[in-house]
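So this one's work_11.cif, mmCIF, C-alpha atoms and all ligand atoms:
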data_coords
#
loop_
_atom_site.group_PDB
_atom_site.id
_atom_site.type_symbol
_atom_site.label_atom_id
_atom_site.label_comp_id
_atom_site.auth_asym_id
_atom_site.auth_seq_id
_atom_site.Cartn_x
_atom_site.Cartn_y
_atom_site.Cartn_z
ATOM 1 C CA MET A 1 3.365 -11.814 12.007
ATOM 2 C CA ASN A 2 6.321 -9.870 10.704
ATOM 3 C CA ASN A 3 5.979 -6.460 9.113
ATOM 4 C CA ALA A 4 6.725 -7.614 5.598
ATOM 5 C CA SER A 5 3.706 -9.916 5.596
ATOM 6 C CA ASN A 6 1.347 -7.351 7.066
ATOM 7 C CA VAL A 7 -1.228 -5.821 4.743
ATOM 8 C CA LEU A 8 -1.137 -2.661 6.876
ATOM 9 C CA PRO A 9 -0.655 0.257 6.808
ATOM 10 C CA LEU A 10 -3.697 1.208 4.811
ATOM 11 C CA VAL A 11 -3.171 4.525 3.062
ATOM 12 C CA LEU A 12 -6.057 6.686 1.879
ATOM 13 C CA ASP A 13 -5.068 9.429 -0.501
ATOM 14 C CA ASN A 14 -7.597 12.144 -1.328
ATOM 15 C CA VAL A 15 -10.516 9.719 -1.329
ATOM 16 C CA TRP A 16 -13.907 10.902 -2.567
ATOM 17 C CA TYR A 17 -17.088 8.906 -2.929
ATOM 18 C CA ARG A 18 -19.991 10.308 -4.917
ATOM 19 C CA THR A 19 -23.475 9.104 -5.702
ATOM 20 C CA LEU A 20 -24.308 8.405 -9.341
ATOM 21 C CA ASP A 21 -25.724 11.910 -9.663
ATOM 22 C CA GLY A 22 -22.488 13.395 -8.336
ATOM 23 C CA MET A 23 -23.372 14.246 -4.753
ATOM 24 C CA PRO A 24 -20.244 13.800 -2.611
ATOM 25 C CA LEU A 25 -20.751 11.600 0.436
ATOM 26 C CA ILE A 26 -17.063 11.102 1.310
ATOM 27 C CA LYS A 27 -14.810 14.050 0.713
ATOM 28 C CA GLU A 28 -11.089 14.459 0.415
ATOM 29 C CA ILE A 29 -10.059 11.858 2.974
ATOM 30 C CA THR A 30 -6.311 11.446 3.343
ATOM 31 C CA THR A 31 -5.002 9.392 6.229
ATOM 32 C CA THR A 32 -3.074 6.283 7.216
ATOM 33 C CA LEU A 33 -4.211 3.387 9.363
ATOM 34 C CA LYS A 34 -1.281 1.539 10.869
ATOM 35 C CA ALA A 35 -1.048 -2.002 12.210
ATOM 36 C CA GLY A 36 -2.087 -2.716 15.779
ATOM 37 C CA GLY A 37 -4.654 -1.371 18.188
ATOM 38 C CA LYS A 38 -8.202 -0.176 17.743
ATOM 39 C CA ALA A 39 -9.173 2.685 15.472
ATOM 40 C CA VAL A 40 -12.626 3.980 16.365
ATOM 41 C CA ILE A 41 -14.616 6.072 13.931
ATOM 42 C CA ILE A 42 -17.110 8.446 15.456
ATOM 43 C CA GLY A 43 -19.357 11.194 14.167
ATOM 44 C CA PRO A 44 -23.038 12.075 13.891
ATOM 45 C CA ASN A 45 -25.582 9.956 12.015
ATOM 46 C CA GLY A 46 -25.037 10.272 8.292
ATOM 47 C CA ALA A 47 -21.427 11.442 8.698
ATOM 48 C CA GLY A 48 -20.178 8.693 6.392
ATOM 49 C CA LYS A 49 -18.811 6.227 8.960
ATOM 50 C CA SER A 50 -20.321 3.144 7.334
ATOM 51 C CA LEU A 51 -19.324 4.329 3.867
ATOM 52 C CA PHE A 52 -15.786 4.880 5.120
ATOM 53 C CA LEU A 53 -15.620 1.276 6.363
ATOM 54 C CA ARG A 54 -17.068 -0.064 3.116
ATOM 55 C CA LEU A 55 -14.503 1.885 1.104
ATOM 56 C CA CYS A 56 -11.616 0.638 3.237
ATOM 57 C CA HIS A 57 -12.864 -2.954 3.058
ATOM 58 C CA GLY A 58 -13.210 -2.675 -0.722
ATOM 59 C CA LEU A 59 -16.973 -3.191 -0.887
ATOM 60 C CA ILE A 60 -17.269 0.066 -2.805
ATOM 61 C CA GLU A 61 -14.707 1.906 -4.917
ATOM 62 C CA PRO A 62 -13.687 5.526 -4.418
ATOM 63 C CA SER A 63 -14.908 7.909 -7.131
ATOM 64 C CA GLU A 64 -11.562 9.706 -6.896
ATOM 65 C CA GLY A 65 -8.351 9.078 -5.005
ATOM 66 C CA ASN A 66 -6.652 5.893 -3.889
ATOM 67 C CA ILE A 67 -6.911 3.356 -1.118
ATOM 68 C CA LYS A 68 -3.810 1.204 -0.857
ATOM 69 C CA TRP A 69 -2.731 -1.612 1.417
ATOM 70 C CA GLN A 70 0.993 -1.951 2.010
ATOM 71 C CA LEU A 71 0.750 -5.532 0.842
ATOM 72 C CA ALA A 72 -1.749 -5.219 -1.941
ATOM 73 C CA SER A 73 -1.675 -8.746 -3.293
ATOM 74 C CA GLY A 74 -4.147 -10.925 -1.460
ATOM 75 C CA ALA A 75 -5.134 -8.129 0.941
ATOM 76 C CA ALA A 76 -8.769 -9.204 0.709
ATOM 77 C CA ALA A 77 -7.969 -12.547 2.328
ATOM 78 C CA HIS A 78 -6.538 -10.805 5.381
ATOM 79 C CA GLN A 79 -9.580 -8.755 6.285
ATOM 80 C CA ALA A 80 -13.043 -9.457 7.567
ATOM 81 C CA MET A 81 -16.050 -7.318 8.367
ATOM 82 C CA VAL A 82 -18.849 -7.555 10.889
ATOM 83 C CA PHE A 83 -21.920 -5.617 9.843
ATOM 84 C CA GLN A 84 -24.348 -3.792 12.082
ATOM 85 C CA ARG A 85 -27.108 -6.223 11.184
ATOM 86 C CA PRO A 86 -25.410 -9.594 10.854
ATOM 87 C CA VAL A 87 -26.589 -11.783 8.018
ATOM 88 C CA MET A 88 -26.901 -15.396 9.128
ATOM 89 C CA LEU A 89 -27.063 -18.288 6.711
ATOM 90 C CA ARG A 90 -30.075 -20.569 7.093
ATOM 91 C CA ARG A 91 -27.872 -23.162 8.786
ATOM 92 C CA THR A 92 -26.661 -24.076 12.225
ATOM 93 C CA VAL A 93 -24.284 -21.896 14.195
ATOM 94 C CA ARG A 94 -21.445 -24.325 13.502
ATOM 95 C CA ALA A 95 -22.252 -24.453 9.778
ATOM 96 C CA ASN A 96 -22.203 -20.664 9.562
ATOM 97 C CA VAL A 97 -18.595 -20.569 10.766
ATOM 98 C CA ASP A 98 -17.734 -23.633 8.701
ATOM 99 C CA TYR A 99 -18.965 -21.975 5.518
ATOM 100 C CA ALA A 100 -16.741 -18.929 6.055
ATOM 101 C CA LEU A 101 -13.736 -21.237 6.506
ATOM 102 C CA HIS A 102 -14.727 -23.337 3.501
ATOM 103 C CA LEU A 103 -14.677 -20.163 1.377
ATOM 104 C CA GLN A 104 -11.094 -19.621 2.547
ATOM 105 C CA LYS A 105 -10.319 -23.180 1.348
ATOM 106 C CA ILE A 106 -9.371 -24.412 4.803
ATOM 107 C CA ALA A 107 -9.345 -28.208 5.104
ATOM 108 C CA PRO A 108 -12.233 -29.826 7.055
ATOM 109 C CA PRO A 109 -10.216 -31.224 10.024
ATOM 110 C CA THR A 110 -8.601 -27.840 10.654
ATOM 111 C CA ARG A 111 -11.998 -26.202 10.198
ATOM 112 C CA SER A 112 -13.622 -28.166 12.962
ATOM 113 C CA GLN A 113 -10.786 -27.327 15.351
ATOM 114 C CA ILE A 114 -11.072 -23.633 14.596
ATOM 115 C CA ILE A 115 -14.876 -23.726 14.880
ATOM 116 C CA ASN A 116 -14.777 -25.349 18.325
ATOM 117 C CA ASP A 117 -12.228 -22.825 19.429
ATOM 118 C CA VAL A 118 -14.064 -19.674 18.299
ATOM 119 C CA LEU A 119 -17.450 -20.928 19.492
ATOM 120 C CA GLU A 120 -15.971 -21.560 22.899
ATOM 121 C CA LYS A 121 -14.310 -18.158 23.023
ATOM 122 C CA THR A 122 -17.530 -16.421 22.066
ATOM 123 C CA GLY A 123 -19.617 -18.484 24.509
ATOM 124 C CA LEU A 124 -21.633 -20.142 21.752
ATOM 125 C CA SER A 125 -20.547 -23.786 22.156
ATOM 126 C CA ARG A 126 -23.874 -24.874 23.638
ATOM 127 C CA LEU A 127 -25.667 -23.326 20.659
ATOM 128 C CA ALA A 128 -23.401 -24.933 18.032
ATOM 129 C CA ASP A 129 -26.196 -27.065 16.570
ATOM 130 C CA THR A 130 -28.944 -24.464 16.799
ATOM 131 C CA GLN A 131 -30.217 -22.744 13.676
ATOM 132 C CA ALA A 132 -28.369 -19.419 13.514
ATOM 133 C CA ARG A 133 -31.504 -17.489 12.654
ATOM 134 C CA LEU A 134 -33.119 -18.590 15.926
ATOM 135 C CA LEU A 135 -30.426 -16.939 18.007
ATOM 136 C CA SER A 136 -31.102 -13.734 19.893
ATOM 137 C CA PHE A 137 -29.750 -10.576 18.345
ATOM 138 C CA GLY A 138 -26.861 -10.444 20.827
ATOM 139 C CA GLU A 139 -25.995 -14.082 20.113
ATOM 140 C CA GLN A 140 -26.113 -13.444 16.371
ATOM 141 C CA GLN A 141 -23.742 -10.530 16.837
ATOM 142 C CA ARG A 142 -21.369 -12.839 18.724
ATOM 143 C CA LEU A 143 -21.679 -15.430 15.973
ATOM 144 C CA ALA A 144 -20.848 -12.788 13.369
ATOM 145 C CA LEU A 145 -17.764 -11.980 15.390
ATOM 146 C CA ALA A 146 -16.883 -15.682 15.762
ATOM 147 C CA ARG A 147 -17.229 -16.154 12.012
ATOM 148 C CA ALA A 148 -14.915 -13.230 11.310
ATOM 149 C CA TRP A 149 -12.460 -14.207 14.048
ATOM 150 C CA ALA A 150 -12.215 -17.758 12.683
ATOM 151 C CA LEU A 151 -10.551 -16.312 9.605
ATOM 152 C CA LYS A 152 -7.737 -14.862 11.757
ATOM 153 C CA PRO A 153 -7.793 -11.627 9.819
ATOM 154 C CA GLN A 154 -5.043 -9.034 10.111
ATOM 155 C CA VAL A 155 -7.734 -6.380 9.943
ATOM 156 C CA LEU A 156 -11.252 -6.629 11.296
ATOM 157 C CA PHE A 157 -13.797 -3.974 10.323
ATOM 158 C CA MET A 158 -16.850 -3.622 12.526
ATOM 159 C CA ASP A 159 -19.791 -1.346 11.929
ATOM 160 C CA GLU A 160 -21.516 -0.489 15.222
ATOM 161 C CA PRO A 161 -20.808 -3.929 16.694
ATOM 162 C CA THR A 162 -22.826 -3.298 19.844
ATOM 163 C CA ALA A 163 -25.688 -1.168 18.539
ATOM 164 C CA SER A 164 -28.986 -2.370 20.030
ATOM 165 C CA LEU A 165 -27.297 -4.723 22.484
ATOM 166 C CA ASP A 166 -27.996 -4.457 26.192
ATOM 167 C CA PRO A 167 -25.073 -3.345 28.396
ATOM 168 C CA SER A 168 -23.993 -6.863 29.378
ATOM 169 C CA ALA A 169 -24.102 -8.161 25.792
ATOM 170 C CA ALA A 170 -22.190 -5.077 24.670
ATOM 171 C CA TYR A 171 -19.629 -5.634 27.414
ATOM 172 C CA LEU A 172 -19.114 -9.196 26.201
ATOM 173 C CA ILE A 173 -18.465 -7.995 22.659
ATOM 174 C CA GLU A 174 -16.050 -5.345 23.931
ATOM 175 C CA GLN A 175 -14.143 -8.040 25.842
ATOM 176 C CA LEU A 176 -13.976 -10.208 22.729
ATOM 177 C CA ILE A 177 -12.699 -7.286 20.686
ATOM 178 C CA GLU A 178 -9.962 -6.737 23.291
ATOM 179 C CA THR A 179 -8.930 -10.398 23.018
ATOM 180 C CA ILE A 180 -8.874 -10.220 19.232
ATOM 181 C CA THR A 181 -6.744 -7.058 19.386
ATOM 182 C CA ALA A 182 -4.350 -8.695 21.829
ATOM 183 C CA GLN A 183 -3.771 -11.392 19.217
ATOM 184 C CA GLY A 184 -2.496 -8.743 16.805
ATOM 185 C CA THR A 185 -5.569 -8.036 14.688
ATOM 186 C CA LYS A 186 -6.111 -4.389 13.802
ATOM 187 C CA ILE A 187 -9.632 -3.293 14.685
ATOM 188 C CA ILE A 188 -11.300 -0.562 12.647
ATOM 189 C CA MET A 189 -14.768 0.049 14.033
ATOM 190 C CA THR A 190 -17.521 2.608 14.203
ATOM 191 C CA THR A 191 -19.609 3.397 17.218
ATOM 192 C CA HIS A 192 -22.186 5.975 18.182
ATOM 193 C CA ASP A 193 -21.491 5.210 21.826
ATOM 194 C CA LEU A 194 -18.992 7.775 23.088
ATOM 195 C CA GLY A 195 -18.464 5.844 26.322
ATOM 196 C CA GLN A 196 -17.440 2.862 24.259
ATOM 197 C CA ALA A 197 -15.151 4.994 22.114
ATOM 198 C CA ARG A 198 -13.457 6.316 25.264
ATOM 199 C CA ARG A 199 -13.105 2.805 26.699
ATOM 200 C CA MET A 200 -11.849 1.156 23.579
ATOM 201 C CA ALA A 201 -10.146 3.519 21.166
ATOM 202 C CA ASP A 202 -6.403 3.714 20.710
ATOM 203 C CA GLU A 203 -6.958 6.207 17.915
ATOM 204 C CA VAL A 204 -10.051 8.169 16.940
ATOM 205 C CA LEU A 205 -11.259 9.274 13.525
ATOM 206 C CA PHE A 206 -13.897 11.986 13.700
ATOM 207 C CA LEU A 207 -16.065 12.199 10.613
ATOM 208 C CA HIS A 208 -18.538 14.945 9.906
ATOM 209 C CA ARG A 209 -20.548 15.333 6.716
ATOM 210 C CA GLY A 210 -18.211 13.096 4.761
ATOM 211 C CA ARG A 211 -15.017 14.757 5.910
ATOM 212 C CA LEU A 212 -12.388 13.413 8.250
ATOM 213 C CA LEU A 213 -12.033 16.403 10.542
ATOM 214 C CA GLU A 214 -9.647 14.788 12.998
ATOM 215 C CA HIS A 215 -7.578 11.607 13.316
ATOM 216 C CA ALA A 216 -5.656 11.517 16.570
ATOM 217 C CA PRO A 217 -4.481 9.249 19.384
ATOM 218 C CA ALA A 218 -7.473 8.632 21.660
ATOM 219 C CA GLU A 219 -5.974 10.252 24.733
ATOM 220 C CA GLN A 220 -5.219 13.427 22.825
ATOM 221 C CA PHE A 221 -8.572 13.416 21.043
ATOM 222 C CA PHE A 222 -10.654 13.094 24.186
ATOM 223 C CA SER A 223 -8.602 15.481 26.310
ATOM 224 C CA ALA A 224 -8.162 18.228 23.726
ATOM 225 C CA PRO A 225 -9.719 17.711 20.305
ATOM 226 C CA LYS A 226 -8.297 20.219 17.864
ATOM 227 C CA ASN A 227 -11.415 20.484 15.766
ATOM 228 C CA ASP A 228 -14.226 22.585 17.258
ATOM 229 C CA LEU A 229 -16.958 20.326 15.870
ATOM 230 C CA ALA A 230 -15.215 17.341 17.461
ATOM 231 C CA GLN A 231 -15.099 19.289 20.705
ATOM 232 C CA ALA A 232 -18.825 19.980 20.497
ATOM 233 C CA PHE A 233 -19.533 16.369 19.583
ATOM 234 C CA ILE A 234 -17.754 14.874 22.571
ATOM 235 C CA LYS A 235 -19.538 17.355 24.827
ATOM 236 C CA GLY A 236 -22.743 15.847 23.519
ATOM 237 C CA GLU A 237 -23.889 18.865 21.523
ATOM 238 C CA LEU A 238 -26.077 18.253 18.513
ATOM 239 C CA LEU A 239 -24.216 19.047 15.346
ATOM 240 C CA TRP A 240 -26.874 19.175 12.675
ATOM 241 C CA TRP A 241 -27.512 22.897 13.178
ATOM 242 C CA ARG A 242 -23.814 23.566 12.645
ATOM 243 C CA ARG A 243 -23.645 21.533 9.515
ATOM 244 C CA GLY A 244 -22.254 24.291 7.306
ATOM 245 C CA GLU A 245 -19.247 24.793 9.527
ATOM 246 C CA GLY A 246 -15.990 23.138 8.671
ATOM 247 C CA SER A 247 -17.213 22.170 5.240
ATOM 248 C CA ASP A 248 -17.533 23.865 1.924
ATOM 249 C CA ASP A 249 -20.702 22.239 0.811
ATOM 250 C CA ALA A 250 -23.361 23.806 2.992
ATOM 251 C CA LYS A 251 -25.178 24.969 -0.123
ATOM 252 C CA ARG A 252 -25.355 21.458 -1.514
ATOM 253 C CA HIS A 253 -26.862 20.250 1.681
ATOM 254 C CA ASP A 254 -29.469 17.603 1.323
ATOM 255 C CA PRO A 255 -32.399 18.135 3.746
ATOM 256 C CA LYS A 256 -32.374 14.479 4.725
ATOM 257 C CA HIS A 257 -29.173 15.147 6.672
ATOM 258 C CA ALA A 258 -30.950 17.516 9.003
ATOM 259 C CA ARG A 259 -31.786 14.944 11.619
HETATM 260 N N1 LIG B 301 -25.725 4.758 -2.183
HETATM 261 C C1 LIG B 301 -26.073 5.913 -1.620
HETATM 262 N N2 LIG B 301 -26.755 6.849 -2.321
HETATM 263 C C2 LIG B 301 -27.108 8.019 -1.769
HETATM 264 N N3 LIG B 301 -26.822 8.353 -0.496
HETATM 265 C C3 LIG B 301 -26.172 7.461 0.248
HETATM 266 C C4 LIG B 301 -25.764 6.196 -0.254
HETATM 267 N N4 LIG B 301 -25.135 5.511 0.713
HETATM 268 C C5 LIG B 301 -25.126 6.329 1.787
HETATM 269 N N5 LIG B 301 -25.748 7.494 1.506
HETATM 270 C C6 LIG B 301 -25.873 8.680 2.391
HETATM 271 O O1 LIG B 301 -24.546 9.016 2.792
HETATM 272 C C7 LIG B 301 -24.538 9.505 4.108
HETATM 273 C C8 LIG B 301 -23.525 8.737 4.930
HETATM 274 O O2 LIG B 301 -24.031 7.437 5.159
HETATM 275 P P1 LIG B 301 -23.392 6.436 6.202
HETATM 276 O O3 LIG B 301 -24.281 5.243 6.250
HETATM 277 O O4 LIG B 301 -21.975 6.209 5.871
HETATM 278 O O5 LIG B 301 -23.493 7.279 7.556
HETATM 279 P P2 LIG B 301 -23.079 6.846 9.036
HETATM 280 O O6 LIG B 301 -22.089 7.842 9.534
HETATM 281 O O7 LIG B 301 -22.686 5.424 9.043
HETATM 282 O O8 LIG B 301 -24.435 7.084 9.822
HETATM 283 P P3 LIG B 301 -25.112 6.255 11.026
HETATM 284 O O9 LIG B 301 -24.473 6.789 12.285
HETATM 285 O O10 LIG B 301 -26.554 6.646 10.929
HETATM 286 O O11 LIG B 301 -24.857 4.795 10.794
HETATM 287 C C9 LIG B 301 -25.963 9.373 4.606
HETATM 288 O O12 LIG B 301 -26.576 10.622 4.529
HETATM 289 C C10 LIG B 301 -26.597 8.384 3.660
HETATM 290 O O13 LIG B 301 -27.972 8.635 3.521
HETATM 291 MG MG MG B 302 -23.516 3.720 9.848
#
Show me, as structure tokens, the structure contained in the file I just sent.
Ligand SMILES: Nc1ncnc2c1ncn2[C@@H]1O[C@H](COP(=O)(O)OP(=O)(O)OP(=O)(O)O)[C@@H](O)[C@H]1O
Ligand SMILES: [Mg+2]
Amino acid sequence: MNNASNVLPLVLDNVWYRTLDGMPLIKEITTTLKAGGKAVIIGPNGAGKSLFLRLCHGLIEPSEGNIKWQLASGAAAHQAMVFQRPVMLRRTVRANVDYALHLQKIAPPTRSQIINDVLEKTGLSRLADTQARLLSFGEQQRLALARAWALKPQVLFMDEPTASLDPSAAYLIEQLIETITAQGTKIIMTTHDLGQARRMADEVLFLHRGRLLEHAPAEQFFSAPKNDLAQAFIKGELLWWRRGEGSDDAKRHDPKHAR
């Protein structure tokens, strides 16, 4: 993949996202996500991590500001997303991947090659003809990844890809993500698992109450975060009681954030 054909970098310029009644959920985010490696988004529950992914993937539109891919035309075809709770079609495992490829207008013979390949890589070959909805949660998560991987996206968004998986299932997903990255796909993922963020991140984005308080190379972030809330967060301190700090909207605080 040469640079000219890469949809990245993705540039966010003063991005805000508000509810219909005007409450800001994403505030003033300006940053750039470059090609290559794994960007891991961390932050407390309700920080806006999932919203951030949805904005970047184009599932929702910013209320203000811009989100621009370097190669804007056809950018949608170069990205895929794996959701925290994968949605499986009422079809077999194989047919679930096939449908995703069909939507990309890939010809049937090529489709079956790709399907065999991704099912093998994700360890799902023996379940190819099983109804997807009968799979265990961990298997469904792997199928969601297989389905996204089959599209050979330049950018793969993942929202908490290992939440509620046991350690060995999570490890398997982490290994798959490493393989996908090695093939040149940019990973942009969220996690609430700091151990996973330390293991996997090349760069870290720390979100707190809708603001991007820090975006730094992982090594720098974990050894010496510049932001004091990020420092507290990686030490495992609860942040909800410090919610007014580092933001200008303490007065607008919605009690449901106080978890
Ligand atoms: N459409 C909406 N209308 C109102 N509030 C919303 C809407 N979507 C999200 N929110 C609120 O915005 C905040 C950020 O939500 P988001 O799901 O992005 O958080 P998160 O960082 O992914 O949290 P978690 O770690 O729990 O997954 C939350 O307080 C959520 O309740
Ligand atoms: Mg979330």
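Near Val118 in chain A, within a cut-off of 8 Å and counting all atoms listed in the file, sit the residues Ile114, Ile115, Asn116, Glu120, Lys121, Thr122, Ala146, Arg147, Trp149 and Ala150 of chain A, with same-chain residues fewer than 2 positions away left out.
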(request) Quick one: everything within 12 Å of Ala144 in chain A, counting only C-alpha atoms, minus sequence neighbours fewer than 5 positions away in the same chain. Send it as a ChimeraX atom specification. (result) /A:80-89,93-94,96-97,100,118-119,122,124,132-133,135,137-139,149-151,156-159,161-162,173,176
(message) For a test of reading the model, state the distance in Å between CA of Tyr99 in chain A and CA of Ile187 in chain A, rounded to one decimal.
(response) 22.8 Å
(message) Neighbours of ligand MG 302 (chain B) at 7 Å or closer, counting only C-alpha atoms and all ligand atoms: which residues, as a list in words?
(response)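 Residues lying within 7 Å of ligand MG 302 (chain B): Asn45, Gly46, Gly48, Lys49, Ser50 and Asp159 of chain A.
Take CA of Cys56 in chain A and CA of Lys68 in chain A: the distance between them is 8.8 Å.
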(request) Figure out the distance between CA of Ile188 in chain A and CA of Gln140 in chain A, please, to one decimal in Å. (result)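 Here the two named atoms are 20.0 Å from each other.
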(request) Name the residues in contact with Ala163 in chain A at a cut-off of 8 Å, using all atoms listed in the file, excluding same-chain residues fewer than 3 positions from it; report them as a ChimeraX atom specification. (result) /A:84,160,191-192
Contact check, chain A to ligand LIG 301 (chain B), at most 12 Å, counting all atoms listed in the file, closest pairs as JSON lines:
{"residue": "A:Tyr17", "atom": "CA", "partner": "B:LIG301", "partner_atom": "O1", "distance": 9.4}
{"residue": "A:Arg18", "atom": "CA", "partner": "B:LIG301", "partner_atom": "N2", "distance": 8.0}
{"residue": "A:Thr19", "atom": "CA", "partner": "B:LIG301", "partner_atom": "N2", "distance": 5.2}
{"residue": "A:Leu20", "atom": "CA", "partner": "B:LIG301", "partner_atom": "N2", "distance": 7.6}
{"residue": "A:Asp21", "atom": "CA", "partner": "B:LIG301", "partner_atom": "C2", "distance": 8.9}
{"residue": "A:Gly22", "atom": "CA", "partner": "B:LIG301", "partner_atom": "C2", "distance": 9.7}
{"residue": "A:Met23", "atom": "CA", "partner": "B:LIG301", "partner_atom": "C2", "distance": 7.9}
{"residue": "A:Pro24", "atom": "CA", "partner": "B:LIG301", "partner_atom": "O1", "distance": 8.4}
{"residue": "A:Leu25", "atom": "CA", "partner": "B:LIG301", "partner_atom": "O1", "distance": 5.2}
{"residue": "A:Ile26", "atom": "CA", "partner": "B:LIG301", "partner_atom": "C8", "distance": 7.8}
{"residue": "A:Lys27", "atom": "CA", "partner": "B:LIG301", "partner_atom": "C8", "distance": 11.0}
{"residue": "A:Ile41", "atom": "CA", "partner": "B:LIG301", "partner_atom": "O6", "distance": 8.8}
{"residue": "A:Ile42", "atom": "CA", "partner": "B:LIG301", "partner_atom": "O6", "distance": 7.8}
{"residue": "A:Gly43", "atom": "CA", "partner": "B:LIG301", "partner_atom": "O6", "distance": 6.3}
{"residue": "A:Pro44", "atom": "CA", "partner": "B:LIG301", "partner_atom": "O9", "distance": 5.7}
{"residue": "A:Asn45", "atom": "CA", "partner": "B:LIG301", "partner_atom": "O9", "distance": 3.4}
{"residue": "A:Gly46", "atom": "CA", "partner": "B:LIG301", "partner_atom": "O5", "distance": 3.4}
{"residue": "A:Ala47", "atom": "CA", "partner": "B:LIG301", "partner_atom": "O6", "distance": 3.8}
{"residue": "A:Gly48", "atom": "CA", "partner": "B:LIG301", "partner_atom": "O4", "distance": 3.1}
{"residue": "A:Lys49", "atom": "CA", "partner": "B:LIG301", "partner_atom": "O6", "distance": 3.7}
{"residue": "A:Ser50", "atom": "CA", "partner": "B:LIG301", "partner_atom": "O7", "distance": 3.7}
{"residue": "A:Leu51", "atom": "CA", "partner": "B:LIG301", "partner_atom": "O4", "distance": 3.8}
{"residue": "A:Phe52", "atom": "CA", "partner": "B:LIG301", "partner_atom": "O4", "distance": 6.4}
{"residue": "A:Leu53", "atom": "CA", "partner": "B:LIG301", "partner_atom": "O4", "distance": 8.1}
{"residue": "A:Arg54", "atom": "CA", "partner": "B:LIG301", "partner_atom": "O4", "distance": 8.4}
{"residue": "A:Leu55", "atom": "CA", "partner": "B:LIG301", "partner_atom": "O4", "distance": 9.9}
{"residue": "A:Leu59", "atom": "CA", "partner": "B:LIG301", "partner_atom": "N1", "distance": 11.9}
{"residue": "A:Ile60", "atom": "CA", "partner": "B:LIG301", "partner_atom": "N1", "distance": 9.7}
{"residue": "A:Glu61", "atom": "CA", "partner": "B:LIG301", "partner_atom": "N1", "distance": 11.7}
{"residue": "A:Phe83", "atom": "CA", "partner": "B:LIG301", "partner_atom": "O11", "distance": 10.9}
{"residue": "A:Gln84", "atom": "CA", "partner": "B:LIG301", "partner_atom": "O11", "distance": 8.7}
{"residue": "A:Arg85", "atom": "CA", "partner": "B:LIG301", "partner_atom": "O11", "distance": 11.3}
{"residue": "A:Met158", "atom": "CA", "partner": "B:LIG301", "partner_atom": "O7", "distance": 11.3}
{"residue": "A:Asp159", "atom": "CA", "partner": "B:LIG301", "partner_atom": "O7", "distance": 7.9}
{"residue": "A:Glu160", "atom": "CA", "partner": "B:LIG301", "partner_atom": "O11", "distance": 7.7}
{"residue": "A:Pro161", "atom": "CA", "partner": "B:LIG301", "partner_atom": "O11", "distance": 11.3}
{"residue": "A:Ala163", "atom": "CA", "partner": "B:LIG301", "partner_atom": "O11", "distance": 9.8}
{"residue": "A:Met189", "atom": "CA", "partner": "B:LIG301", "partner_atom": "O7", "distance": 10.8}
{"residue": "A:Thr190", "atom": "CA", "partner": "B:LIG301", "partner_atom": "O7", "distance": 7.8}
{"residue": "A:Thr191", "atom": "CA", "partner": "B:LIG301", "partner_atom": "O9", "distance": 7.7}
{"residue": "A:His192", "atom": "CA", "partner": "B:LIG301", "partner_atom": "O9", "distance": 6.4}
{"residue": "A:Asp193", "atom": "CA", "partner": "B:LIG301", "partner_atom": "O9", "distance": 10.1}
{"residue": "A:Leu205", "atom": "CA", "partner": "B:LIG301", "partner_atom": "O6", "distance": 11.6}
{"residue": "A:Phe206", "atom": "CA", "partner": "B:LIG301", "partner_atom": "O6", "distance": 10.1}
{"residue": "A:Leu207", "atom": "CA", "partner": "B:LIG301", "partner_atom": "O6", "distance": 7.5}
{"residue": "A:His208", "atom": "CA", "partner": "B:LIG301", "partner_atom": "O6", "distance": 7.9}
{"residue": "A:Arg209", "atom": "CA", "partner": "B:LIG301", "partner_atom": "C8", "distance": 7.5}
{"residue": "A:Gly210", "atom": "CA", "partner": "B:LIG301", "partner_atom": "C8", "distance": 6.9}
{"residue": "A:Arg211", "atom": "CA", "partner": "B:LIG301", "partner_atom": "C8", "distance": 10.5}
{"residue": "A:Leu212", "atom": "CA", "partner": "B:LIG301", "partner_atom": "O6", "distance": 11.3}
{"residue": "A:Trp240", "atom": "CA", "partner": "B:LIG301", "partner_atom": "O12", "distance": 11.8}
{"residue": "A:His253", "atom": "CA", "partner": "B:LIG301", "partner_atom": "O12", "distance": 10.0}
{"residue": "A:Asp254", "atom": "CA", "partner": "B:LIG301", "partner_atom": "O12", "distance": 8.2}
{"residue": "A:Pro255", "atom": "CA", "partner": "B:LIG301", "partner_atom": "O12", "distance": 9.5}
{"residue": "A:Lys256", "atom": "CA", "partner": "B:LIG301", "partner_atom": "O12", "distance": 7.0}
{"residue": "A:His257", "atom": "CA", "partner": "B:LIG301", "partner_atom": "O12", "distance": 5.6}
{"residue": "A:Ala258", "atom": "CA", "partner": "B:LIG301", "partner_atom": "O12", "distance": 9.3}
{"residue": "A:Arg259", "atom": "CA", "partner": "B:LIG301", "partner_atom": "O12", "distance": 9.8}
(message) What's around Glu219 in chain A at 12 Å? Count only C-alpha atoms, leave out sequence neighbours fewer than 5 positions away in its own chain, and write the answer as number ranges by chain.
(response) A: 197-204, 224-225
